[in-house]
file upload09.csv (CSV, C-alpha atoms)
chain,number,residue,atom,x,y,z
X,1,MET,CA,158.4,70.8,128.9
X,2,VAL,CA,158.5,67.2,130.2
X,3,ALA,CA,155.4,67.9,132.3
X,4,THR,CA,153.5,69.3,129.3
X,5,ARG,CA,154.5,66.3,127.2
X,6,LEU,CA,153.3,64.0,129.9
X,7,GLN,CA,150.0,65.8,130.4
X,8,GLY,CA,149.4,65.7,126.6
X,9,VAL,CA,149.8,61.9,126.6
X,10,ILE,CA,147.7,61.2,129.7
X,11,SER,CA,144.7,63.3,128.6
X,12,PRO,CA,143.9,61.3,125.4
X,13,LEU,CA,144.5,58.0,127.2
X,14,ILE,CA,142.1,58.8,130.0
X,15,SER,CA,139.5,59.9,127.4
X,16,LEU,CA,140.1,56.7,125.5
X,17,VAL,CA,139.4,54.5,128.5
X,18,ILE,CA,136.2,56.4,129.4
X,19,PHE,CA,134.9,56.3,125.9
X,20,ILE,CA,135.8,52.7,125.2
X,21,LEU,CA,134.1,51.5,128.4
X,22,GLY,CA,130.8,52.7,126.9
X,23,HIS,CA,131.8,51.8,123.3
X,24,GLY,CA,132.6,48.2,124.3
X,25,LEU,CA,129.3,47.8,126.1
X,26,MET,CA,127.4,49.3,123.1
X,27,SER,CA,128.6,46.9,120.5
X,28,THR,CA,127.5,43.8,122.5
X,29,LEU,CA,124.4,45.4,123.9
X,30,LEU,CA,123.0,46.1,120.4
X,31,THR,CA,123.3,42.4,119.4
X,32,VAL,CA,121.9,41.1,122.7
X,33,ARG,CA,119.0,43.5,122.5
X,34,LEU,CA,118.2,42.7,118.9
X,35,SER,CA,118.3,39.0,119.7
X,36,ALA,CA,115.9,39.5,122.6
X,37,GLU,CA,113.6,41.4,120.1
X,38,GLN,CA,113.6,38.3,117.9
X,39,VAL,CA,115.4,40.1,115.1
X,40,ASP,CA,117.0,37.7,112.5
X,41,ALA,CA,120.7,37.3,112.2
X,42,GLN,CA,120.8,38.9,108.7
X,43,ALA,CA,119.4,42.2,110.1
X,44,ILE,CA,121.8,42.1,113.1
X,45,GLY,CA,124.7,41.6,110.7
X,46,LEU,CA,123.5,44.6,108.7
X,47,VAL,CA,123.5,46.8,111.8
X,48,SER,CA,127.1,45.7,112.6
X,49,GLY,CA,128.3,46.1,109.0
X,50,ALA,CA,126.8,49.7,108.9
X,51,TYR,CA,129.0,50.6,111.8
X,52,PHE,CA,132.2,49.6,110.1
X,53,ALA,CA,131.2,51.4,106.9
X,54,GLY,CA,130.8,54.6,108.9
X,55,LEU,CA,134.1,53.9,110.8
X,56,VAL,CA,136.2,53.8,107.7
X,57,LEU,CA,134.5,56.9,106.3
X,58,GLY,CA,135.2,58.8,109.5
X,59,SER,CA,138.8,57.6,109.9
X,60,PHE,CA,139.6,58.9,106.4
X,61,ALA,CA,137.4,61.8,105.9
X,62,ASN,CA,137.6,63.8,109.1
X,63,ALA,CA,141.2,64.9,109.2
X,64,ARG,CA,140.5,68.3,107.5
X,65,LEU,CA,137.8,69.1,110.0
X,66,ILE,CA,140.1,68.3,112.9
X,67,ILE,CA,142.9,70.5,111.5
X,68,ARG,CA,140.4,73.4,110.8
X,69,VAL,CA,138.6,73.6,114.1
X,70,GLY,CA,141.2,72.0,116.4
X,71,HIS,CA,141.3,68.7,118.4
X,72,ILE,CA,139.2,69.7,121.3
X,73,ARG,CA,136.3,71.2,119.3
X,74,ALA,CA,136.3,68.3,116.9
X,75,TYR,CA,136.3,65.7,119.7
X,76,ALA,CA,133.5,67.5,121.5
X,77,ALA,CA,131.4,67.5,118.3
X,78,TYR,CA,132.0,63.8,117.6
X,79,ALA,CA,131.3,62.8,121.2
X,80,SER,CA,128.1,64.9,121.3
X,81,LEU,CA,126.9,63.2,118.1
X,82,ILE,CA,127.7,59.8,119.5
X,83,CYS,CA,125.9,60.6,122.7
X,84,THR,CA,122.8,61.6,120.9
X,85,LEU,CA,122.8,58.6,118.5
X,86,THR,CA,123.3,56.3,121.5
X,87,ILE,CA,120.2,57.6,123.3
X,88,LEU,CA,118.2,57.3,120.0
X,89,HIS,CA,119.1,53.6,119.9
X,90,GLY,CA,117.3,53.2,123.2
X,91,LEU,CA,114.3,55.3,122.1
X,92,ILE,CA,113.7,53.7,118.7
X,93,VAL,CA,114.3,50.0,118.6
X,94,ASP,CA,114.2,49.1,114.9
X,95,PRO,CA,117.0,47.3,113.0
X,96,TRP,CA,116.7,49.6,110.0
X,97,VAL,CA,116.8,52.7,112.1
X,98,TRP,CA,119.7,51.3,114.0
X,99,ALA,CA,121.6,50.6,110.8
X,100,GLY,CA,121.4,54.2,109.9
X,101,LEU,CA,122.3,55.3,113.5
X,102,ARG,CA,125.3,52.9,113.5
X,103,LEU,CA,126.5,54.3,110.1
X,104,LEU,CA,126.5,57.8,111.6
X,105,GLY,CA,128.0,56.5,114.9
X,106,GLY,CA,130.8,54.8,113.1
X,107,PHE,CA,131.6,57.9,111.1
X,108,ALA,CA,131.8,59.9,114.4
X,109,THR,CA,133.8,57.2,116.1
X,110,GLY,CA,136.3,57.1,113.2
X,111,GLY,CA,136.8,60.9,113.6
X,112,LEU,CA,137.1,60.5,117.4
X,113,PHE,CA,139.9,57.9,117.0
X,114,VAL,CA,141.7,60.2,114.6
X,115,VAL,CA,141.6,63.0,117.2
X,116,LEU,CA,142.9,60.7,120.0
X,117,GLU,CA,145.7,59.1,117.9
X,118,SER,CA,146.9,62.3,116.3
X,119,TRP,CA,146.9,64.0,119.7
X,120,MET,CA,149.1,61.2,121.1
X,121,LEU,CA,151.3,61.4,118.1
X,122,VAL,CA,152.2,65.1,118.7
X,123,SER,CA,152.3,64.6,122.5
X,124,SER,CA,155.0,61.9,122.3
X,125,THR,CA,158.6,61.7,121.0
X,126,PRO,CA,160.2,59.0,118.8
X,127,ALA,CA,162.0,57.8,121.9
X,128,ASN,CA,158.8,57.0,123.9
X,129,ARG,CA,156.4,56.3,121.0
X,130,GLY,CA,156.9,52.5,121.2
X,131,LYS,CA,156.0,52.4,124.9
X,132,LEU,CA,153.1,54.7,124.3
X,133,MET,CA,151.7,52.5,121.5
X,134,SER,CA,151.9,49.4,123.8
X,135,LEU,CA,150.1,51.3,126.6
X,136,TYR,CA,147.5,52.5,124.1
X,137,MET,CA,146.8,48.9,123.0
X,138,ILE,CA,146.6,47.6,126.6
X,139,LEU,CA,144.2,50.4,127.6
X,140,LEU,CA,142.1,50.0,124.4
X,141,TYR,CA,141.6,46.3,124.7
X,142,GLY,CA,141.4,46.3,128.5
X,143,ALA,CA,138.6,48.9,128.5
X,144,LEU,CA,136.9,47.1,125.6
X,145,ALA,CA,136.9,43.9,127.7
X,146,ALA,CA,135.7,45.7,130.9
X,147,GLY,CA,132.9,47.3,128.9
X,148,GLN,CA,131.5,43.8,128.2
X,149,LEU,CA,131.3,43.1,131.9
X,150,LEU,CA,128.9,46.0,132.4
X,151,LEU,CA,126.3,43.8,130.8
X,152,LYS,CA,126.2,41.7,134.0
X,153,VAL,CA,124.7,44.5,136.0
X,154,ILE,CA,122.2,46.1,133.6
X,155,ASP,CA,119.0,45.1,131.9
X,156,PRO,CA,119.4,45.3,128.1
X,157,MET,CA,115.7,45.8,127.6
X,158,MET,CA,115.8,49.2,129.4
X,159,LEU,CA,117.0,52.6,128.4
X,160,VAL,CA,119.6,52.6,131.2
X,161,PRO,CA,122.4,50.8,129.4
X,162,PHE,CA,122.1,53.1,126.4
X,163,ALA,CA,122.3,56.1,128.8
X,164,LEU,CA,125.4,54.6,130.3
X,165,CYS,CA,127.1,54.3,126.9
X,166,ALA,CA,126.1,57.9,126.1
X,167,MET,CA,127.5,59.1,129.4
X,168,GLY,CA,130.8,57.4,128.5
X,169,ALA,CA,131.0,59.4,125.2
X,170,SER,CA,130.1,62.6,127.0
X,171,LEU,CA,132.4,62.3,130.0
X,172,SER,CA,135.3,61.4,127.8
X,173,VAL,CA,135.4,65.0,126.6
X,174,ILE,CA,136.4,66.3,130.0
X,175,PRO,CA,140.1,65.3,130.1
X,176,LEU,CA,140.7,66.7,126.6
X,177,ALA,CA,138.8,69.9,127.3
X,178,LEU,CA,141.1,70.6,130.2
X,179,SER,CA,144.3,70.2,128.1
X,180,ARG,CA,146.1,72.0,125.3
X,181,VAL,CA,148.2,70.3,122.5
X,182,ALA,CA,150.1,71.4,119.5
X,183,MET,CA,148.4,70.7,116.2
X,184,PRO,CA,150.1,67.9,114.2
X,185,ALA,CA,152.0,68.7,111.0
X,186,MET,CA,150.8,65.8,108.8
X,187,ILE,CA,153.4,64.4,106.5
X,188,GLN,CA,152.6,63.5,102.9
X,189,PRO,CA,153.3,59.8,102.3
X,190,GLN,CA,154.1,58.5,98.9
X,191,LYS,CA,150.7,57.6,97.3
X,192,VAL,CA,150.2,53.9,96.6
X,193,GLY,CA,146.9,53.0,95.0
X,194,PHE,CA,144.6,50.4,96.5
X,195,LEU,CA,144.9,48.0,93.6
X,196,GLU,CA,148.6,48.6,93.4
X,197,LEU,CA,148.9,47.4,97.0
X,198,PHE,CA,147.3,44.1,96.0
X,199,ARG,CA,150.2,43.7,93.5
X,200,LEU,CA,152.9,44.8,95.8
X,201,THR,CA,151.8,42.9,98.9
X,202,PRO,CA,149.0,40.5,98.1
X,203,ALA,CA,149.5,38.4,101.3
X,204,GLY,CA,149.3,41.6,103.4
X,205,MET,CA,146.1,42.9,101.7
X,206,TRP,CA,144.2,39.6,101.7
X,207,SER,CA,145.2,38.8,105.3
X,208,SER,CA,143.9,42.3,106.3
X,209,MET,CA,140.6,41.7,104.5
X,210,THR,CA,140.2,38.3,106.1
X,211,SER,CA,140.9,39.8,109.5
X,212,GLY,CA,138.1,42.2,108.9
X,213,LEU,CA,135.8,39.4,107.7
X,214,ILE,CA,136.5,37.6,111.0
X,215,LEU,CA,136.6,40.5,113.5
X,216,GLY,CA,133.5,42.2,112.0
X,217,ALA,CA,131.5,39.0,112.6
X,218,ILE,CA,133.1,38.6,116.1
X,219,TYR,CA,132.0,42.1,117.2
X,220,GLY,CA,128.6,41.9,115.6
X,221,LEU,CA,127.5,38.3,115.8
X,222,LEU,CA,129.5,36.4,118.5
X,223,PRO,CA,127.1,37.7,121.3
X,224,LEU,CA,124.3,36.3,119.1
X,225,PHE,CA,126.0,32.9,119.1
X,226,PHE,CA,126.1,32.8,122.9
X,227,THR,CA,122.5,34.0,123.4
X,228,ASP,CA,121.2,31.6,120.9
X,229,SER,CA,123.1,28.8,122.6
X,230,GLY,CA,121.2,29.5,125.8
X,231,TYR,CA,123.8,31.4,127.7
X,232,PRO,CA,122.6,33.9,130.4
X,233,ILE,CA,123.6,37.5,129.8
X,234,GLU,CA,126.2,37.3,132.6
X,235,ARG,CA,128.0,34.5,130.8
X,236,VAL,CA,127.7,36.3,127.4
X,237,ALA,CA,129.5,39.3,129.0
X,238,ASN,CA,132.2,37.0,130.4
X,239,MET,CA,132.8,35.2,127.1
X,240,MET,CA,133.0,38.5,125.1
X,241,ALA,CA,135.5,39.8,127.7
X,242,VAL,CA,137.5,36.6,127.3
X,243,VAL,CA,137.7,36.8,123.5
X,244,ILE,CA,139.0,40.4,123.7
X,245,LEU,CA,141.5,39.6,126.5
X,246,GLY,CA,142.8,36.8,124.4
X,247,GLY,CA,143.4,39.3,121.6
X,248,MET,CA,145.2,41.6,124.0
X,249,CYS,CA,147.4,39.0,125.6
X,250,LEU,CA,148.6,37.0,122.6
X,251,GLN,CA,149.2,39.7,120.0
X,252,TYR,CA,152.7,40.7,121.2
X,253,PRO,CA,154.2,37.3,121.8
X,254,ILE,CA,152.9,36.1,118.5
X,255,GLY,CA,154.2,39.2,116.8
X,256,ARG,CA,157.7,38.7,118.3
X,257,ILE,CA,157.8,35.2,117.0
X,258,SER,CA,156.9,36.5,113.5
X,259,ASP,CA,160.1,38.6,113.6
X,260,ARG,CA,162.1,35.4,113.3
X,261,PHE,CA,160.2,33.7,110.5
X,262,ASP,CA,158.5,34.4,107.2
X,263,ARG,CA,155.4,36.3,108.4
X,264,ARG,CA,153.2,34.6,105.8
X,265,LEU,CA,154.0,31.3,107.5
X,266,ILE,CA,153.0,32.7,110.9
X,267,ILE,CA,149.8,34.2,109.6
X,268,GLY,CA,149.0,30.9,107.8
X,269,VAL,CA,149.6,29.0,111.0
X,270,LEU,CA,147.3,31.4,112.9
X,271,ALA,CA,144.6,31.0,110.3
X,272,ALA,CA,145.0,27.2,110.3
X,273,LEU,CA,144.8,27.1,114.1
X,274,LEU,CA,141.8,29.4,114.1
X,275,SER,CA,140.1,27.1,111.6
X,276,VAL,CA,140.8,24.1,113.9
X,277,ILE,CA,139.4,25.9,117.0
X,278,ALA,CA,136.3,27.0,115.0
X,279,LEU,CA,135.8,23.5,113.8
X,280,LEU,CA,135.9,22.2,117.4
X,281,MET,CA,133.3,24.7,118.3
X,282,VAL,CA,131.1,23.2,115.6
X,283,ILE,CA,131.6,19.5,116.3
X,284,LEU,CA,132.0,19.3,120.1
X,285,PRO,CA,128.7,18.3,121.7
X,286,ALA,CA,126.9,20.9,123.8
X,287,PRO,CA,126.9,21.9,126.5
X,288,GLN,CA,130.7,22.1,126.7
X,289,PRO,CA,132.5,22.4,130.1
X,290,GLN,CA,133.0,26.0,131.1
X,291,TRP,CA,136.8,25.7,131.4
X,292,LEU,CA,137.0,24.2,127.9
X,293,MET,CA,134.8,26.9,126.3
X,294,THR,CA,136.7,29.7,128.1
X,295,GLY,CA,140.0,28.3,126.9
X,296,LEU,CA,138.9,27.9,123.3
X,297,ILE,CA,137.4,31.3,123.2
X,298,PHE,CA,140.5,32.9,124.7
X,299,LEU,CA,142.8,31.2,122.1
X,300,PHE,CA,140.3,32.0,119.3
X,301,GLY,CA,140.4,35.7,120.3
X,302,GLY,CA,144.2,35.7,120.5
X,303,LEU,CA,144.5,34.2,117.0
X,304,ALA,CA,141.8,36.4,115.4
X,305,PHE,CA,143.0,39.7,116.8
X,306,SER,CA,146.7,39.0,115.8
X,307,ILE,CA,146.1,38.6,112.0
X,308,TYR,CA,145.7,42.3,111.2
X,309,PRO,CA,148.9,43.6,112.9
X,310,LEU,CA,150.9,40.8,111.4
X,311,SER,CA,149.5,41.7,108.0
X,312,LEU,CA,150.6,45.3,108.4
X,313,SER,CA,154.0,44.1,109.6
X,314,HIS,CA,154.4,41.8,106.6
X,315,ALA,CA,153.4,44.7,104.2
X,316,CYS,CA,156.0,47.0,105.8
X,317,ASP,CA,158.6,44.3,105.2
X,318,GLU,CA,157.8,44.2,101.5
X,319,LEU,CA,157.4,47.9,100.8
X,320,LYS,CA,159.8,50.9,100.8
X,321,PRO,CA,159.8,53.1,103.9
X,322,ASP,CA,158.2,56.0,102.2
X,323,GLN,CA,155.3,53.7,101.2
X,324,VAL,CA,154.5,52.5,104.7
X,325,LEU,CA,152.0,55.3,105.7
X,326,SER,CA,150.1,54.9,102.5
X,327,ALA,CA,150.1,51.2,102.8
X,328,ASN,CA,148.6,51.5,106.3
X,329,GLN,CA,145.7,53.4,104.7
X,330,GLY,CA,145.3,50.7,102.1
X,331,LEU,CA,145.4,47.8,104.6
X,332,LEU,CA,143.0,49.6,106.9
X,333,LEU,CA,140.6,50.0,104.0
X,334,ALA,CA,140.9,46.3,103.1
X,335,TYR,CA,140.2,45.4,106.8
X,336,SER,CA,137.2,47.7,106.9
X,337,LEU,CA,135.8,46.3,103.7
X,338,GLY,CA,136.0,42.9,105.2
X,339,ALA,CA,134.5,44.1,108.5
X,340,MET,CA,131.5,45.5,106.5
X,341,ILE,CA,131.0,42.4,104.5
X,342,GLY,CA,131.6,39.8,107.2
X,343,PRO,CA,128.6,40.5,109.4
X,344,VAL,CA,126.4,40.3,106.3
X,345,LEU,CA,127.9,37.1,105.0
X,346,ALA,CA,128.1,35.1,108.3
X,347,PRO,CA,124.3,35.1,108.9
X,348,THR,CA,123.9,32.9,105.8
X,349,ALA,CA,125.9,30.2,107.6
X,350,ILE,CA,123.9,30.8,110.8
X,351,HIS,CA,120.6,30.3,108.8
X,352,LEU,CA,121.9,27.1,107.3
X,353,PHE,CA,123.5,25.5,110.3
X,354,GLY,CA,122.1,27.2,113.4
X,355,PRO,CA,124.3,29.1,116.0
X,356,GLN,CA,127.3,26.9,115.2
X,357,GLY,CA,127.1,28.2,111.6
X,358,LEU,CA,129.0,31.3,112.8
X,359,PHE,CA,132.0,29.1,113.6
X,360,ALA,CA,131.6,27.2,110.4
X,361,TYR,CA,132.0,30.6,108.7
X,362,PHE,CA,135.1,31.4,110.8
X,363,CYS,CA,136.5,28.0,109.9
X,364,LEU,CA,136.0,28.7,106.2
X,365,CYS,CA,137.6,32.1,106.4
X,366,GLY,CA,140.7,30.7,108.2
X,367,ALA,CA,141.0,27.8,105.8
X,368,LEU,CA,140.8,29.9,102.7
X,369,LEU,CA,143.5,32.3,104.0
X,370,THR,CA,145.7,29.4,104.9
X,371,LEU,CA,145.5,27.9,101.4
X,372,PHE,CA,146.2,31.3,99.9
X,373,LEU,CA,149.3,31.9,102.0
X,374,ILE,CA,150.6,28.4,101.2
X,375,TRP,CA,150.3,29.3,97.5
X,376,ARG,CA,152.0,32.7,98.0
X,377,GLN,CA,155.0,31.0,99.7
X,378,ARG,CA,155.4,28.9,96.6
X,379,VAL,CA,155.3,31.8,94.1
X,380,ARG,CA,157.2,34.5,96.0
X,381,ALA,CA,160.4,34.1,98.1
X,382,PRO,CA,160.2,35.3,101.7
X,383,VAL,CA,161.5,38.7,102.8
X,384,PRO,CA,165.0,38.1,104.3
X,385,LEU,CA,164.9,38.2,108.1
X,386,ALA,CA,167.5,40.9,108.1
X,387,GLU,CA,165.0,43.2,106.3
X,388,HIS,CA,162.2,42.5,108.8
X,389,GLN,CA,160.9,45.5,110.6
X,390,GLN,CA,160.2,45.0,114.3
X,391,PHE,CA,156.6,43.9,115.0
X,392,MET,CA,154.4,46.4,116.8
X,393,PRO,CA,150.8,45.7,117.7
X,394,VAL,CA,148.5,48.1,115.8
X,395,PRO,CA,144.7,48.5,116.3
X,396,PRO,CA,142.7,48.7,113.0
X,397,ASN,CA,141.2,52.1,113.9
X,398,THR,CA,142.7,54.9,111.8
X,399,PRO,CA,145.6,55.6,109.4
X,400,MET,CA,147.1,57.7,112.2
X,401,SER,CA,148.2,54.4,114.0
X,402,ALA,CA,150.9,54.1,111.3
X,403,GLU,CA,152.4,57.4,112.4
X,404,LEU,CA,152.2,56.4,116.1
X,405,GLU,CA,154.0,53.2,115.2
X,406,PRO,CA,157.8,53.7,115.6
X,407,ARG,CA,159.1,51.7,112.6
X,408,PRO,CA,162.7,52.2,111.6
X,409,ASP,CA,163.4,54.5,108.6
X,410,VAL,CA,160.0,56.3,108.8
X,411,GLU,CA,160.6,59.9,109.5
X,412,LEU,CA,157.8,61.8,111.2
X,413,ALA,CA,157.1,65.5,110.9
X,414,GLU,CA,157.4,67.6,114.0
X,415,PRO,CA,154.3,69.5,115.2
X,416,HIS,CA,154.2,73.2,114.7
X,417,GLY,CA,153.3,75.6,117.5
X,418,GLN,CA,149.5,76.2,117.1
X,419,THR,CA,147.2,75.0,119.9
X,420,SER,CA,143.6,74.1,120.0
call {"tool": "encode", "arguments": {"input": "upload09.csv", "output": "structure tokens"}}
result
Amino acid sequence: MVATRLQGVISPLISLVIFILGHGLMSTLLTVRLSAEQVDAQAIGLVSGAYFAGLVLGSFANARLIIRVGHIRAYAAYASLICTLTILHGLIVDPWVWAGLRLLGGFATGGLFVVLESWMLVSSTPANRGKLMSLYMILLYGALAAGQLLLKVIDPMMLVPFALCAMGASLSVIPLALSRVAMPAMIQPQKVGFLELFRLTPAGMWSSMTSGLILGAIYGLLPLFFTDSGYPIERVANMMAVVILGGMCLQYPIGRISDRFDRRLIIGVLAALLSVIALLMVILPAPQPQWLMTGLIFLFGGLAFSIYPLSLSHACDELKPDQVLSANQGLLLAYSLGAMIGPVLAPTAIHLFGPQGLFAYFCLCGALLTLFLIWRQRVRAPVPLAEHQQFMPVPPNTPMSAELEPRPDVELAEPHGQTS
């Protein structure tokens, strides 16, 4: 029984690493390639925003398909679609075509994450779910950062890098295809409307949306900033890896600090520091020393990637236990809306101020969130520390992450005995 449980956990984690290596390369590759093709920032932002639109559709809409056909068949279908769409990117280089392909690719990726996270849910126990979630986060961000480094050994103007990304999606099927797992028995959370969540936890919802505004632009447009600033592709890869590693390394210590204070205060401090770093990126004379740029980008990534999980933790502090799963869906939707809008809004600042306009945009997002949270602290008392739930780092991928997250007082359904 123990061996079966262990095998069930290892298989999706191996598949995750293989897929994310190609997925991480793909997100930066598209921006670098479009920049090399002299495509304007607005079109690049549209391509990035289309991916997040598809991601949220896939993360919410594909559960029925997965339950009907089984985890393995569903994963194979999504991976096959992603593989085909990735190759098409290399064959047809057009931003409007790419926007459509990214929309479909985001939809398939959302479904793929649902498969992986639900598989891990039923392959784990409440006793080891916290450790599993931490391992999941490390592997997710570690593979995402490693995927950036593949840019250093490939030519983005060739079909080869697209083929490598497609191979990652295809090969990730193998570990799952050689495993069996019980189908999850999804629990029915108390329904909480999207607008109702803004009333119940406005700080959590607006922080989640701002996180999407920032991270959507980071994934879609930060490589453009580096290329437009004259960085060679090897350094672009390094900088994108650094920003993701910052997010991986700083989330947990920042989250643990938030367990001891009003989380709105901590999120506000993060947003203020993010604004300061972004402002420094705007006003410091170029070229900046490599050590300074690396340090600023590392801190910037750590701050930016920490806002969403803190937002979810704050929302869980304010809501009833039976509202947590539904709240996760609402906060994920708020994040996704921000991630769709951010890459479309940020190019306006780039058009007005040049490459540094991207960080002017980040500065504005952080400043507005800081002001909002200062106001919220004045009009609503903080949640007592005794009622704080323990922070857990959560990736904004799918609603399933709330079930993977071992918060107190949230009972999870046991899987039944069917296999896929």
call {"tool": "closest_residue", "arguments": {"input": "upload09.csv", "among": "X:Val39, X:Ile72, X:Met158, X:Leu303", "to": "Ser179 (chain X)", "atoms": "all atoms listed in the file"}}
result
X:Ile72
call {"tool": "atom_distance", "arguments": {"input": "upload09.csv", "atom1": "CA of Arg33 (chain X)", "atom2": "CA of Val93 (chain X)"}}
result
8.9 Å
call {"tool": "closest_residue", "arguments": {"input": "upload09.csv", "among": "X:Thr31, X:Asn238, X:Thr210, X:Ser311", "to": "Pro156 (chain X)", "atoms": "all atoms listed in the file"}}
result
X:Thr31
call {"tool": "residues_around", "arguments": {"input": "upload09.csv", "residues": "Leu368 (chain X)", "least_positions_apart": "5", "cutoff": "9 Å", "atoms": "only C-alpha atoms", "output": "VMD selection string"}}
result
chain X and resid 271 363 373
call {"tool": "atom_distance", "arguments": {"input": "upload09.csv", "atom1": "CA of Ala145 (chain X)", "atom2": "CA of Ile244 (chain X)"}}
result
5.7 Å
call {"tool": "residues_around", "arguments": {"input": "upload09.csv", "residues": "Phe305 (chain X)", "least_positions_apart": "3", "cutoff": "7 Å", "atoms": "all atoms listed in the file", "output": "PyMOL selection string"}}
result
chain X and resi 247+251+301-302+308
call {"tool": "atom_distance", "arguments": {"input": "upload09.csv", "atom1": "CA of Asn62 (chain X)", "atom2": "CA of Leu112 (chain X)"}}
result
8.9 Å
call {"tool": "residues_near_point", "arguments": {"input": "upload09.csv", "point": "(137.6, 47.4, 110.7)", "cutoff": "6 Å", "atoms": "all atoms listed in the file", "output": "JSON, numbers by chain"}}
result
{"X": [52, 212, 335, 336, 339, 396]}
call {"tool": "residues_around", "arguments": {"input": "upload09.csv", "residues": "Ile233 (chain X)", "least_positions_apart": "2", "cutoff": "12 Å", "atoms": "only C-alpha atoms", "output": "JSON, numbers by chain"}}
result
{"X": [28, 29, 31, 32, 33, 35, 36, 148, 149, 150, 151, 152, 153, 154, 155, 156, 157, 223, 224, 225, 226, 227, 228, 229, 230, 231, 235, 236, 237, 238, 239, 240]}
call {"tool": "closest_residue", "arguments": {"input": "upload09.csv", "among": "X:Ala169, X:Ile174, X:Leu135, X:Val243", "to": "Ala79 (chain X)", "atoms": "only C-alpha atoms"}}
result
X:Ala169
call {"tool": "closest_residue", "arguments": {"input": "upload09.csv", "among": "X:Val276, X:Ile257, X:Leu221, X:Leu296", "to": "Ala346 (chain X)", "atoms": "all atoms listed in the file"}}
result
X:Leu221
call {"tool": "build_atoms", "arguments": {"input": "upload09.csv", "residues": "region 263-274 of chain X", "atoms": "N, CA, C and O atoms", "output": "tab-separated table (two decimals), in the frame of the given file"}}
result
chain	number	residue	atom	x	y	z
X	263	ARG	N	156.67	35.93	107.77
X	263	ARG	CA	155.40	36.30	108.40
X	263	ARG	C	154.22	35.60	107.74
X	263	ARG	O	153.20	35.35	108.37
X	264	ARG	N	154.33	35.32	106.45
X	264	ARG	CA	153.20	34.60	105.80
X	264	ARG	C	153.04	33.24	106.41
X	264	ARG	O	151.90	32.77	106.53
X	265	LEU	N	154.13	32.59	106.79
X	265	LEU	CA	154.00	31.30	107.50
X	265	LEU	C	153.31	31.44	108.79
X	265	LEU	O	152.42	30.63	109.12
X	266	ILE	N	153.67	32.47	109.57
X	266	ILE	CA	153.00	32.70	110.90
X	266	ILE	C	151.56	32.98	110.72
X	266	ILE	O	150.72	32.43	111.45
X	267	ILE	N	151.22	33.88	109.79
X	267	ILE	CA	149.80	34.20	109.60
X	267	ILE	C	149.06	32.96	109.12
X	267	ILE	O	147.92	32.70	109.56
X	268	GLY	N	149.68	32.15	108.23
X	268	GLY	CA	149.00	30.90	107.80
X	268	GLY	C	148.81	29.94	108.93
X	268	GLY	O	147.75	29.30	109.02
X	269	VAL	N	149.78	29.83	109.84
X	269	VAL	CA	149.60	29.00	111.00
X	269	VAL	C	148.48	29.47	111.89
X	269	VAL	O	147.65	28.69	112.39
X	270	LEU	N	148.44	30.81	112.11
X	270	LEU	CA	147.30	31.40	112.90
X	270	LEU	C	146.00	31.07	112.28
X	270	LEU	O	145.05	30.67	112.98
X	271	ALA	N	145.89	31.26	110.96
X	271	ALA	CA	144.60	31.00	110.30
X	271	ALA	C	144.25	29.53	110.36
X	271	ALA	O	143.06	29.20	110.55
X	272	ALA	N	145.23	28.63	110.24
X	272	ALA	CA	145.00	27.20	110.30
X	272	ALA	C	144.48	26.82	111.74
X	272	ALA	O	143.51	26.07	111.91
X	273	LEU	N	145.17	27.35	112.76
X	273	LEU	CA	144.80	27.10	114.10
X	273	LEU	C	143.38	27.64	114.43
X	273	LEU	O	142.57	27.02	115.14
X	274	LEU	N	143.12	28.85	113.91
X	274	LEU	CA	141.80	29.40	114.10
X	274	LEU	C	140.72	28.55	113.47
X	274	LEU	O	139.65	28.35	114.06
